[in-house]
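Content type TSV, C-alpha atoms, from the file final.tsv:
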```
chain	number	residue	atom	x	y	z
A	1	MET	CA	151.72	142.30	87.76
A	2	SER	CA	151.42	140.44	84.48
A	3	LEU	CA	148.82	137.66	84.42
A	4	PRO	CA	149.90	134.15	83.40
A	5	ILE	CA	148.65	134.13	79.81
A	6	SER	CA	151.13	132.43	77.53
A	7	GLY	CA	152.50	133.76	74.29
A	8	VAL	CA	151.13	130.61	72.66
A	9	MET	CA	147.60	131.56	73.71
A	10	PHE	CA	147.99	135.05	72.24
A	11	ARG	CA	149.32	133.58	68.98
A	12	GLN	CA	146.36	131.20	68.82
A	13	ILE	CA	143.99	134.14	69.18
A	14	LEU	CA	145.80	136.22	66.53
A	15	ALA	CA	145.73	133.25	64.14
A	16	ASN	CA	141.94	133.64	63.94
A	17	PHE	CA	142.22	137.04	62.25
A	18	PRO	CA	143.46	138.31	58.90
A	19	GLU	CA	147.12	139.24	58.67
A	20	ASN	CA	148.45	142.56	57.40
A	21	LEU	CA	148.50	144.14	60.87
A	22	SER	CA	150.87	147.00	61.59
A	23	LEU	CA	150.41	146.67	65.37
A	24	ALA	CA	148.58	144.29	67.68
A	25	PHE	CA	148.50	144.63	71.44
A	26	ALA	CA	146.55	143.32	74.43
A	27	TYR	CA	145.73	145.59	77.34
A	28	GLY	CA	143.62	145.99	80.45
A	29	SER	CA	142.84	143.93	83.52
A	30	GLY	CA	142.88	140.67	81.56
A	31	VAL	CA	146.59	141.16	80.86
A	32	TYR	CA	147.91	143.10	83.88
A	33	ARG	CA	146.40	142.46	87.30
A	34	GLN	CA	144.78	145.42	89.03
A	35	ALA	CA	144.27	146.09	92.72
A	36	GLY	CA	140.89	146.77	94.27
A	37	PRO	CA	137.68	144.77	94.71
A	38	ASN	CA	137.65	143.53	91.10
A	39	GLY	CA	141.35	142.68	90.96
A	40	GLY	CA	140.92	138.99	91.68
A	41	ARG	CA	138.24	138.21	89.12
A	42	GLN	CA	138.76	135.07	87.08
A	43	ASN	CA	138.16	134.66	83.32
A	44	VAL	CA	138.29	138.40	82.67
A	45	MET	CA	137.65	139.41	79.07
A	46	LEU	CA	140.85	140.01	77.10
A	47	ASP	CA	141.06	143.34	75.27
A	48	PHE	CA	142.93	143.77	71.97
A	49	VAL	CA	143.62	146.55	69.49
A	50	PHE	CA	144.62	145.83	65.88
A	51	SER	CA	146.11	148.57	63.73
A	52	VAL	CA	145.72	148.03	59.98
A	53	ASP	CA	146.86	150.03	56.95
A	54	ASP	CA	143.76	149.29	54.85
A	55	PRO	CA	140.63	148.89	57.03
A	56	ILE	CA	138.26	148.13	54.12
A	57	THR	CA	140.37	145.20	52.93
A	58	TRP	CA	140.95	143.96	56.48
A	59	HIS	CA	137.25	144.07	57.40
A	60	SER	CA	136.38	142.37	54.10
A	61	LYS	CA	138.69	139.47	54.95
A	62	ASN	CA	137.52	139.36	58.56
A	63	LEU	CA	133.88	139.24	57.46
A	64	GLN	CA	134.76	136.15	55.42
A	65	LYS	CA	136.47	134.51	58.41
A	66	ASN	CA	134.49	135.85	61.37
A	67	ARG	CA	131.19	137.21	60.08
A	68	ASN	CA	129.38	136.41	63.34
A	69	HIS	CA	131.71	138.77	65.25
A	70	TYR	CA	129.96	141.80	63.76
A	71	SER	CA	126.71	143.51	64.59
A	72	PHE	CA	123.93	144.00	62.01
A	73	LEU	CA	126.33	146.44	60.30
A	74	ARG	CA	127.85	143.38	58.62
A	75	PHE	CA	124.88	143.38	56.26
A	76	PHE	CA	126.09	146.73	54.89
A	77	GLY	CA	129.58	145.45	54.07
A	78	PRO	CA	133.17	146.51	54.81
A	79	LYS	CA	132.87	150.01	53.36
A	80	VAL	CA	130.09	151.01	55.76
A	81	ILE	CA	131.86	149.33	58.69
A	82	THR	CA	135.00	151.31	57.84
A	83	LYS	CA	132.96	154.51	57.58
A	84	VAL	CA	131.56	153.88	61.05
A	85	GLN	CA	135.08	153.16	62.28
A	86	ASN	CA	136.74	156.24	60.81
A	87	ASN	CA	134.05	158.92	60.99
A	88	TYR	CA	132.55	158.50	64.45
A	89	GLY	CA	133.98	158.44	67.95
A	90	ALA	CA	137.68	157.75	68.37
A	91	GLY	CA	138.31	156.16	64.95
A	92	ILE	CA	138.21	152.60	66.26
A	93	TYR	CA	135.67	149.82	65.62
A	94	TYR	CA	135.11	147.26	68.39
A	95	ASN	CA	133.70	143.75	68.19
A	96	THR	CA	132.97	142.58	71.71
A	97	MET	CA	131.95	139.48	73.69
A	98	ILE	CA	133.67	137.14	71.21
A	99	THR	CA	134.78	133.63	72.14
A	100	CYS	CA	138.13	132.94	70.50
A	101	ALA	CA	140.55	130.10	71.27
A	102	GLY	CA	138.54	129.37	74.38
A	103	LYS	CA	138.83	132.94	75.72
A	104	LEU	CA	136.28	135.72	75.89
A	105	ILE	CA	137.70	138.73	74.03
A	106	LYS	CA	136.89	142.07	72.48
A	107	TYR	CA	138.99	143.66	69.77
A	108	GLY	CA	139.18	147.09	68.24
A	109	VAL	CA	140.34	147.89	64.71
A	110	ILE	CA	141.95	151.25	63.93
A	111	SER	CA	143.71	152.50	60.83
A	112	THR	CA	147.46	152.99	61.14
A	113	GLU	CA	147.10	156.56	59.92
A	114	THR	CA	144.50	157.41	62.58
A	115	LEU	CA	146.59	155.75	65.28
A	116	ILE	CA	149.73	157.70	64.37
A	117	LYS	CA	147.79	160.98	64.43
A	118	ASP	CA	146.37	160.16	67.87
A	119	LEU	CA	149.80	159.22	69.21
A	120	LEU	CA	151.38	162.44	67.94
A	121	ASN	CA	148.55	164.96	68.40
A	122	TRP	CA	146.26	163.38	71.01
A	123	ASN	CA	143.23	163.95	68.79
A	124	THR	CA	141.10	161.72	71.04
A	125	LEU	CA	143.57	160.13	73.50
A	126	TYR	CA	141.49	156.96	73.17
A	127	VAL	CA	144.08	154.51	71.87
A	128	ALA	CA	147.05	156.77	72.66
A	129	GLY	CA	145.90	156.74	76.29
A	130	ARG	CA	145.89	152.96	76.40
A	131	LEU	CA	149.42	152.92	75.04
A	132	GLN	CA	150.58	155.21	77.87
A	133	LYS	CA	150.05	152.29	80.25
A	134	PRO	CA	151.74	148.89	80.16
A	135	VAL	CA	150.40	146.75	77.31
A	136	ARG	CA	151.41	143.41	75.83
A	137	ILE	CA	152.77	144.08	72.34
A	138	LEU	CA	151.94	141.01	70.26
A	139	PHE	CA	153.10	142.25	66.87
A	140	LEU	CA	154.80	145.43	65.65
A	141	ARG	CA	155.75	145.69	62.01
A	142	GLU	CA	158.81	147.60	60.92
A	143	ASN	CA	157.30	151.04	60.47
A	144	THR	CA	159.55	153.98	61.32
A	145	LYS	CA	156.69	156.50	61.59
A	146	LEU	CA	154.64	154.28	63.87
A	147	ARG	CA	157.58	153.46	66.14
A	148	ALA	CA	158.51	157.14	66.43
A	149	ALA	CA	154.89	158.03	67.21
A	150	LEU	CA	154.74	155.40	69.97
A	151	GLU	CA	157.85	156.90	71.58
A	152	SER	CA	156.54	160.46	71.17
A	153	ASN	CA	153.30	159.50	72.93
A	154	LEU	CA	155.21	158.30	75.99
A	155	GLU	CA	157.36	161.44	76.07
A	156	SER	CA	154.27	163.64	75.83
A	157	ALA	CA	152.63	161.72	78.69
A	158	VAL	CA	155.63	162.45	80.92
A	159	THR	CA	155.58	166.14	80.00
A	160	ALA	CA	151.85	166.52	80.68
A	161	ALA	CA	152.23	164.73	84.02
A	162	PHE	CA	155.13	167.01	85.04
A	163	LEU	CA	152.90	170.05	84.57
A	164	MET	CA	150.36	168.64	87.04
A	165	LEU	CA	152.87	167.54	89.70
A	166	PRO	CA	154.74	169.48	92.41
A	167	GLU	CA	158.47	170.11	92.43
A	168	SER	CA	159.28	166.81	94.16
A	169	PHE	CA	157.32	163.56	93.90
A	170	SER	CA	157.59	159.78	93.85
A	171	GLU	CA	157.63	157.36	90.94
A	172	GLU	CA	154.16	156.21	91.94
A	173	ASP	CA	152.89	159.81	91.89
A	174	LEU	CA	154.20	160.19	88.34
A	175	PHE	CA	152.75	156.92	87.10
A	176	VAL	CA	149.35	157.68	88.64
A	177	GLN	CA	149.29	161.02	86.81
A	178	ILE	CA	150.27	159.35	83.54
A	179	ALA	CA	147.73	156.54	83.90
A	180	GLY	CA	145.03	159.12	84.66
A	181	LEU	CA	145.59	161.29	81.58
A	182	SER	CA	143.13	159.38	79.42
A	183	TYR	CA	140.53	159.23	82.21
A	184	SER	CA	140.31	163.02	82.56
A	185	GLY	CA	136.72	163.89	81.67
A	186	ASP	CA	135.85	160.31	80.61
A	187	PHE	CA	132.08	160.10	81.10
A	188	ARG	CA	132.34	156.38	81.85
A	189	MET	CA	133.91	157.31	85.18
A	190	LEU	CA	130.46	158.68	86.11
A	191	MET	CA	128.83	155.32	85.41
A	192	GLY	CA	130.18	153.54	88.45
A	193	GLU	CA	133.81	152.85	87.68
A	194	GLU	CA	135.36	151.86	90.99
A	195	LYS	CA	136.84	154.66	93.07
A	196	GLY	CA	140.60	154.78	92.86
A	197	LYS	CA	140.63	152.94	89.53
A	198	VAL	CA	143.77	154.71	88.33
A	199	VAL	CA	145.67	153.94	91.55
A	200	ASN	CA	144.50	150.32	91.29
A	201	ILE	CA	145.99	150.14	87.80
A	202	VAL	CA	149.35	151.52	88.92
A	203	LYS	CA	150.05	149.93	92.31
A	204	PRO	CA	150.53	146.30	91.22
A	205	ASN	CA	152.31	147.33	88.01
A	206	ILE	CA	154.96	149.85	89.06
A	207	PRO	CA	157.77	147.62	87.65
A	208	HIS	CA	156.00	147.60	84.26
A	209	PHE	CA	155.54	151.39	84.33
A	210	ARG	CA	159.20	151.77	85.30
A	211	GLU	CA	160.24	149.57	82.38
A	212	LEU	CA	158.11	151.70	80.04
A	213	TYR	CA	159.35	155.11	81.22
A	214	SER	CA	162.77	154.81	82.87
A	215	LYS	CA	164.79	155.46	79.69
A	216	ILE	CA	162.70	158.54	78.88
A	217	LEU	CA	163.15	159.89	82.41
A	218	LEU	CA	166.90	159.27	82.42
A	219	LYS	CA	167.48	161.20	79.20
A	220	ASN	CA	165.05	164.04	80.05
A	221	PRO	CA	167.08	167.16	80.98
A	222	GLN	CA	164.13	168.67	82.89
A	223	VAL	CA	164.06	166.06	85.65
A	224	LEU	CA	166.41	164.72	88.31
A	225	TYR	CA	165.54	161.03	88.53
A	226	LYS	CA	166.80	159.30	91.68
A	227	GLN	CA	166.16	155.71	90.67
A	228	THR	CA	167.39	154.03	93.84
A	229	GLN	CA	165.11	156.21	95.97
A	230	GLY	CA	162.20	156.19	93.56
A	231	ARG	CA	162.03	160.00	93.71
A	232	LEU	CA	162.02	162.75	91.07
A	233	GLU	CA	162.55	166.51	91.10
A	234	ILE	CA	161.59	168.99	88.37
A	235	ASP	CA	161.97	172.70	87.76
A	236	LYS	CA	158.61	174.45	88.29
A	237	SER	CA	159.74	177.91	87.16
A	238	PRO	CA	157.61	179.68	84.52
A	239	ASP	CA	160.41	179.27	81.97
A	240	ALA	CA	160.55	175.51	82.54
A	241	GLN	CA	156.77	175.19	82.39
A	242	PHE	CA	156.63	177.21	79.18
A	243	THR	CA	159.17	174.85	77.60
A	244	GLN	CA	157.02	171.88	78.64
A	245	LEU	CA	153.80	173.49	77.40
A	246	MET	CA	155.40	174.18	74.01
A	247	THR	CA	156.23	170.48	73.58
A	248	LEU	CA	152.71	169.21	74.38
A	249	PRO	CA	150.71	167.55	71.57
A	250	LYS	CA	148.99	170.00	69.25
A	251	THR	CA	145.40	169.17	70.22
A	252	LEU	CA	146.10	169.70	73.92
A	253	GLN	CA	147.76	173.04	73.19
A	254	GLN	CA	144.68	174.09	71.22
A	255	GLU	CA	142.33	173.02	74.03
A	256	ILE	CA	144.35	175.03	76.55
A	257	SER	CA	144.32	178.04	74.24
A	258	TYR	CA	140.55	177.72	73.84
A	259	LEU	CA	140.11	177.65	77.63
A	260	MET	CA	142.32	180.67	78.29
A	261	ASP	CA	141.39	182.98	75.42
A	262	PRO	CA	138.59	185.41	76.30
A	263	PRO	CA	135.85	185.73	73.66
A	264	GLY	CA	136.88	187.93	70.76
A	265	LYS	CA	140.58	187.93	71.60
A	266	ASN	CA	142.41	185.83	69.04
A	267	ARG	CA	145.90	185.40	70.40
A	268	ASP	CA	148.32	182.87	68.98
A	269	VAL	CA	148.87	179.66	70.91
A	270	GLU	CA	152.40	180.58	71.99
A	271	GLU	CA	151.22	183.77	73.67
A	272	THR	CA	148.48	181.89	75.50
A	273	LEU	CA	150.84	179.17	76.68
A	274	LEU	CA	153.23	181.80	78.01
A	275	GLN	CA	150.40	183.16	80.13
A	276	VAL	CA	149.55	179.67	81.39
A	277	ALA	CA	153.20	179.04	82.31
A	278	HIS	CA	153.02	181.98	84.76
A	279	ASP	CA	149.64	180.90	86.14
A	280	PRO	CA	149.73	179.26	89.62
A	281	ASP	CA	146.91	177.00	88.39
A	282	CYS	CA	148.87	175.81	85.36
A	283	GLY	CA	148.34	172.16	86.29
A	284	ASN	CA	144.57	172.57	86.56
A	285	VAL	CA	144.45	174.28	83.17
A	286	VAL	CA	146.29	171.33	81.62
A	287	ARG	CA	143.87	168.94	83.33
A	288	GLN	CA	140.87	170.84	81.95
A	289	GLY	CA	142.44	170.76	78.50
A	290	LEU	CA	142.75	166.98	78.75
A	291	SER	CA	139.09	166.75	79.73
A	292	GLY	CA	138.18	168.73	76.64
A	293	ILE	CA	139.82	166.02	74.52
A	294	VAL	CA	138.68	162.92	76.38
A	295	ARG	CA	135.05	163.75	77.17
A	296	PRO	CA	133.66	164.02	73.61
A	297	SER	CA	135.60	161.04	72.29
A	298	SER	CA	134.51	158.81	75.19
A	299	VAL	CA	130.85	159.79	74.76
A	300	MET	CA	130.89	159.26	71.00
A	301	GLN	CA	132.85	156.00	71.15
A	302	SER	CA	130.44	154.59	73.73
A	303	THR	CA	127.46	155.68	71.63
A	304	LYS	CA	129.02	153.98	68.61
A	305	GLY	CA	129.56	150.89	70.76
A	306	ILE	CA	125.80	150.33	70.85
A	307	LEU	CA	125.76	150.11	67.05
A	308	THR	CA	128.65	147.66	66.95
A	309	ALA	CA	127.48	145.40	69.80
A	310	VAL	CA	124.04	144.23	68.62
A	311	ARG	CA	124.77	140.92	66.91
A	312	ALA	CA	122.96	138.08	65.19
A	313	LYS	CA	120.34	137.15	67.79
A	314	TYR	CA	118.87	140.64	67.78
A	315	CYS	CA	119.09	141.02	64.00
A	316	THR	CA	117.12	137.77	63.70
A	317	TRP	CA	114.49	139.17	66.03
A	318	CYS	CA	114.28	142.36	63.97
A	319	CYS	CA	113.52	140.32	60.88
A	320	GLN	CA	110.98	138.10	62.66
A	321	ALA	CA	109.20	141.08	64.18
A	322	ALA	CA	109.27	142.97	60.85
A	323	VAL	CA	110.86	146.03	62.39
A	324	SER	CA	113.96	147.89	61.35
A	325	PRO	CA	117.32	147.54	63.17
A	326	TRP	CA	117.09	151.26	63.94
A	327	THR	CA	113.85	150.65	65.87
A	328	HIS	CA	115.73	148.12	67.93
A	329	PHE	CA	118.62	150.55	68.36
A	330	HIS	CA	116.10	153.11	69.61
A	331	CYS	CA	114.72	150.49	71.98
A	332	VAL	CA	118.16	149.75	73.42
A	333	LEU	CA	119.05	153.41	73.83
A	334	ALA	CA	115.73	154.27	75.42
A	335	GLY	CA	115.84	151.47	77.97
A	336	LEU	CA	112.98	149.23	76.78
A	337	SER	CA	113.29	145.57	77.64
A	338	LEU	CA	113.87	143.40	74.58
A	339	PRO	CA	110.80	141.50	73.35
A	340	ALA	CA	110.85	137.74	73.49
A	341	GLU	CA	111.93	136.08	70.27
A	342	GLY	CA	109.01	135.76	67.88
A	343	SER	CA	107.12	138.55	69.59
A	344	SER	CA	106.64	142.12	68.43
A	345	GLN	CA	105.56	143.39	71.86
A	346	TYR	CA	107.86	145.72	73.72
A	347	ALA	CA	108.15	145.11	77.42
A	348	PRO	CA	107.00	147.93	79.69
A	349	ALA	CA	109.44	150.76	80.13
A	350	ARG	CA	111.66	150.58	83.17
A	351	ASP	CA	113.26	153.25	85.25
A	352	PRO	CA	116.98	152.69	84.46
A	353	ALA	CA	117.87	153.71	88.00
A	354	SER	CA	115.75	150.87	89.42
A	355	SER	CA	118.28	148.29	88.24
A	356	CYS	CA	121.27	150.15	89.65
A	357	ARG	CA	121.78	148.42	92.94
A	358	ASP	CA	124.76	150.57	93.87
A	359	GLY	CA	122.98	153.89	93.28
A	360	ARG	CA	124.75	154.79	90.05
A	361	GLN	CA	123.42	157.70	88.06
A	362	ASP	CA	120.58	156.91	85.68
A	363	TRP	CA	120.63	157.69	81.96
A	364	GLY	CA	118.63	160.86	82.43
A	365	THR	CA	121.14	162.34	84.85
A	366	LEU	CA	124.13	161.04	82.92
A	367	LEU	CA	123.07	162.25	79.48
A	368	ALA	CA	121.35	165.48	80.50
A	369	PRO	CA	124.25	167.54	79.08
A	370	MET	CA	123.15	166.35	75.60
A	371	THR	CA	120.14	168.66	75.82
A	372	SER	CA	122.23	171.76	76.38
A	373	PRO	CA	124.77	173.39	74.07
A	374	SER	CA	128.20	171.78	74.25
A	375	PRO	CA	131.19	171.28	71.94
A	376	TRP	CA	130.27	167.64	71.38
A	377	ARG	CA	126.46	167.61	71.20
A	378	ALA	CA	126.65	168.34	67.47
A	379	ASP	CA	128.79	165.21	67.02
A	380	ILE	CA	126.13	163.07	68.69
A	381	VAL	CA	123.42	164.56	66.50
A	382	ASN	CA	125.57	164.08	63.38
A	383	THR	CA	126.16	160.43	64.28
A	384	CYS	CA	122.43	159.75	64.51
A	385	GLN	CA	121.69	161.68	61.34
A	386	GLY	CA	124.48	159.86	59.50
A	387	PHE	CA	122.68	156.58	60.17
A	388	GLY	CA	119.21	157.93	59.46
A	389	ILE	CA	118.19	157.98	63.13
A	390	LYS	CA	115.98	160.72	64.49
A	391	TRP	CA	118.07	161.89	67.40
A	392	GLN	CA	115.54	164.15	69.15
A	393	PRO	CA	113.13	161.41	70.32
A	394	ILE	CA	116.05	159.35	71.58
A	395	ILE	CA	117.62	162.15	73.59
A	396	THR	CA	114.22	163.35	74.84
A	397	GLU	CA	113.32	159.91	76.14
A	398	LEU	CA	116.73	159.37	77.68
A	399	THR	CA	116.75	162.69	79.49
A	400	CYS	CA	113.10	162.38	80.59
A	401	ASN	CA	113.98	158.92	81.96
A	402	ARG	CA	110.85	157.36	80.44
A	403	VAL	CA	109.75	155.69	77.23
A	404	THR	CA	106.39	155.81	75.51
A	405	GLY	CA	106.86	152.52	73.67
A	406	ASN	CA	105.82	154.11	70.38
A	407	LYS	CA	107.70	152.29	67.61
A	408	ASN	CA	106.93	155.02	65.11
A	409	ASN	CA	109.37	157.46	66.69
A	410	VAL	CA	112.22	156.28	64.50
```
Show me this structure written as structure tokens.
Amino acid sequence: MSLPISGVMFRQILANFPENLSLAFAYGSGVYRQAGPNGGRQNVMLDFVFSVDDPITWHSKNLQKNRNHYSFLRFFGPKVITKVQNNYGAGIYYNTMITCAGKLIKYGVISTETLIKDLLNWNTLYVAGRLQKPVRILFLRENTKLRAALESNLESAVTAAFLMLPESFSEEDLFVQIAGLSYSGDFRMLMGEEKGKVVNIVKPNIPHFRELYSKILLKNPQVLYKQTQGRLEIDKSPDAQFTQLMTLPKTLQQEISYLMDPPGKNRDVEETLLQVAHDPDCGNVVRQGLSGIVRPSSVMQSTKGILTAVRAKYCTWCCQAAVSPWTHFHCVLAGLSLPAEGSSQYAPARDPASSCRDGRQDWGTLLAPMTSPSPWRADIVNTCQGFGIKWQPIITELTCNRVTGNKNNV
């Protein structure tokens, strides 16, 4: 169900930002109502994504218009902001908790090139995953490559969902699988996201999902789509599954190949996918491959979010207390309470779990995998090193669930 936010309001919000967008869309619970305990919340933050051809120029203009939107990274200029955007996480830079045209918003900026690659290859599934669900397109420039990539992303979502579904299923079953693709392995789901979140996204918005996917389903030769009954049937033979696997985005094919190839046996991707097509657990293999894409990008993007969320008030405190922004970043990561303005005294360390009224996992439990070898631990270390942060004290304190309060660790 679409929420009653007028096109005029969206235009007023967009008018606050530089032009030269290739795509602008709004998404999430502020645009389409969700079921569940949080479905009736009022004044929900509106989420936007802006795709731009030249991020350096766009950020330069936005810094002139909306300098207070940015974290302390604004002091380093548009080139550093663009480096943070492109080189870490999912290739998107978010400014959050912004009041614009009387609405609370957050907006992410991604380069058009990065977006097209994610739509076609599912490099991170971060923005591509959002575009697999109903969104409110506010602006789409005439760009043949971008339009084709948007369509390809939807077709790939259908194919991946087919591989994880039985021979016969309902429209709702299909849309739940599609909506869940970008949540596979997302570490934020461990941090207390409501149970049944994906179902809550789909149930009130089946007409919007149907509008998004009905044409693709009707022209797909691999499915019998009974629109009036809301039912679908697909061929689950190994030949049909192999055809579907061969049309999946490249990154997902590579993840599946990595999962299935025993150490030392370097088979080509086609040979591996043929094996998977004959595997009774084909759907689970695809699901694990999706997790291999989503997990590292969600961790890194959330880590980057700390850097992009600390705005003017905290930068002012850093200057007053004569400490570096990185010390403050360390403080935030480690769980220290912020000092009062004008003070250089850190508040006593808290047990992060003590403030979790609903029993959510604490930082130590959540981030413990960082201390063991994993495909994405190196990315986390590289991010810290890229900004001159000593990563070992941060991870040690997080995983030990305590803080010494020593400001010389950074």
Q.
What does the structure give for the distance between CA of Trp58 (chain A) and CA of Phe25 (chain A), in Å to one decimal?
A.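 CA of Phe25 (chain A) lies at a distance of 16.8 Å from CA of Trp58 (chain A).
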The centre and edge lengths of an axis-aligned box containing all atoms of region 208-222 of chain A present in the file, extended by 3 Å on each side, are to be given in Å to one decimal, as lines of an AutoDock Vina configuration file.
```
center_x = 161.5
center_y = 158.1
center_z = 82.1
size_x = 17.9
size_y = 27.1
size_z = 12.4
```
Leaving out Val49 (chain A) and any residue of its chain fewer than 5 positions from it, which residues lie within 8 Å of it when counting only C-alpha atoms, given as an mmCIF file with C-alpha atoms, keeping the file's coordinate frame?
```
data_model
loop_
_atom_site.group_PDB
_atom_site.id
_atom_site.type_symbol
_atom_site.label_atom_id
_atom_site.label_comp_id
_atom_site.auth_asym_id
_atom_site.auth_seq_id
_atom_site.Cartn_x
_atom_site.Cartn_y
_atom_site.Cartn_z
ATOM 1 C CA LEU A 23 150.410 146.670 65.370
ATOM 2 C CA ALA A 24 148.580 144.290 67.680
ATOM 3 C CA PHE A 25 148.500 144.630 71.440
ATOM 4 C CA ALA A 26 146.550 143.320 74.430
ATOM 5 C CA TYR A 107 138.990 143.660 69.770
ATOM 6 C CA GLY A 108 139.180 147.090 68.240
ATOM 7 C CA VAL A 109 140.340 147.890 64.710
ATOM 8 C CA ILE A 110 141.950 151.250 63.930
#
```
Q) Rounded to one decimal in Å, what is the spacing between CA of Arg67 (chain A) and CA of Asn95 (chain A)? A)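 We find that CA of Arg67 (chain A) and CA of Asn95 (chain A) lie 10.7 Å from each other.
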(Q) I want to know what sits within 10 Å of Ile234 (chain A), based on all atoms listed in the file, with residues of the same chain fewer than 3 positions away left out; could you give that as a ChimeraX atom specification? (A) /A:162-163,165-169,221-225,237,240-241
Q) CA of Lys83 (chain A) to CA of Phe17 (chain A): how many Å, to one decimal? A) 20.3 Å
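Comparing A:Asp54, A:Glu172, A:Asp279, A:Glu271 by their smallest distance to Pro207 (chain A), the closest is A:Glu172 (using only C-alpha atoms).
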(Q) Here is a test: counting all atoms listed in the file, which residue of A:Glu233, A:Asp47, A:Asp53, A:Glu171 is nearest to Glu19 (chain A)? (A)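 Closest residue, counting all atoms listed in the file: A:Asp53.
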Q | Pick from A:Val198, A:Leu63, A:Leu154, A:Val135 nearest to Ser214 (chain A), counting only C-alpha atoms | A |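 When distances to Ser214 (chain A) are compared using only C-alpha atoms, the smallest one comes from A:Leu154.
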Q | Counting only C-alpha atoms, the option among A:Leu174, A:Ala101, A:Met164, A:Met246 closest to Arg11 (chain A) | A |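 Ranked by minimum distance to Arg11 (chain A), first place goes to A:Ala101.
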Q | Pick from A:Asn143, A:Thr159, A:Asn16, A:Gln34 nearest to Thr243 (chain A), counting all atoms listed in the file | A |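 That would be A:Thr159, the residue with the smallest distance to Thr243 (chain A).
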Q | Counting only C-alpha atoms, the residue of A:Leu119, A:Tyr258, A:Gly30, A:Leu273 that sits nearest Ala148 (chain A) | A |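 Going through A:Leu119, A:Tyr258, A:Gly30, A:Leu273 one by one, the smallest distance to Ala148 (chain A) is for A:Leu119.
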**Q.** Nearby residues (only C-alpha atoms) at most 8 Å from Phe242 (chain A), same-chain spacing under 2 positions excluded, as a list in words
**A.**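 In the requested form, the answer reads Pro238, Asp239, Ala240, Gln244, Leu245, Met246, Leu273, Leu274, Val276 and Ala277 of chain A.
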**Q.** Long-range neighbours of Ser257 (chain A) as a ChimeraX atom specification, 8 Å cut-off, all atoms listed in the file, 2 positions minimum in chain
**A.** /A:253-255,259-261,269,272-273
With N, CA and C atoms as the goal, would you fill in the gaps in region 245-259 of chain A and present it as a compact mmCIF listing (two decimals), in the coordinates of the input?
```txt
# COMPACT_ATOMS: atom_id res chain seq x y z
N LEU A 245 155.07 173.21 78.09
CA LEU A 245 153.80 173.49 77.40
C LEU A 245 154.00 173.53 75.88
N MET A 246 155.14 174.06 75.45
CA MET A 246 155.40 174.18 74.01
C MET A 246 155.67 172.83 73.35
N THR A 247 155.97 171.81 74.15
CA THR A 247 156.23 170.48 73.58
C THR A 247 155.02 169.54 73.71
N LEU A 248 153.91 170.03 74.27
CA LEU A 248 152.71 169.21 74.38
C LEU A 248 152.14 168.92 72.99
N PRO A 249 151.37 167.84 72.85
CA PRO A 249 150.71 167.55 71.57
C PRO A 249 149.81 168.71 71.14
N LYS A 250 149.67 168.84 69.83
CA LYS A 250 148.99 170.00 69.25
C LYS A 250 147.56 170.16 69.76
N THR A 251 146.81 169.06 69.83
CA THR A 251 145.40 169.17 70.22
C THR A 251 145.27 169.66 71.66
N LEU A 252 146.15 169.22 72.54
CA LEU A 252 146.10 169.70 73.92
C LEU A 252 146.45 171.17 74.00
N GLN A 253 147.43 171.61 73.23
CA GLN A 253 147.76 173.04 73.19
C GLN A 253 146.55 173.86 72.73
N GLN A 254 145.85 173.37 71.74
CA GLN A 254 144.68 174.09 71.22
C GLN A 254 143.56 174.13 72.26
N GLU A 255 143.36 173.04 72.99
CA GLU A 255 142.33 173.02 74.03
C GLU A 255 142.66 174.02 75.14
N ILE A 256 143.93 174.08 75.52
CA ILE A 256 144.35 175.03 76.55
C ILE A 256 144.15 176.46 76.07
N SER A 257 144.50 176.71 74.82
CA SER A 257 144.32 178.04 74.24
C SER A 257 142.86 178.43 74.22
N TYR A 258 142.00 177.46 73.88
CA TYR A 258 140.55 177.72 73.84
C TYR A 258 140.02 178.07 75.23
N LEU A 259 140.54 177.38 76.26
CA LEU A 259 140.11 177.65 77.63
C LEU A 259 140.53 179.03 78.12
```
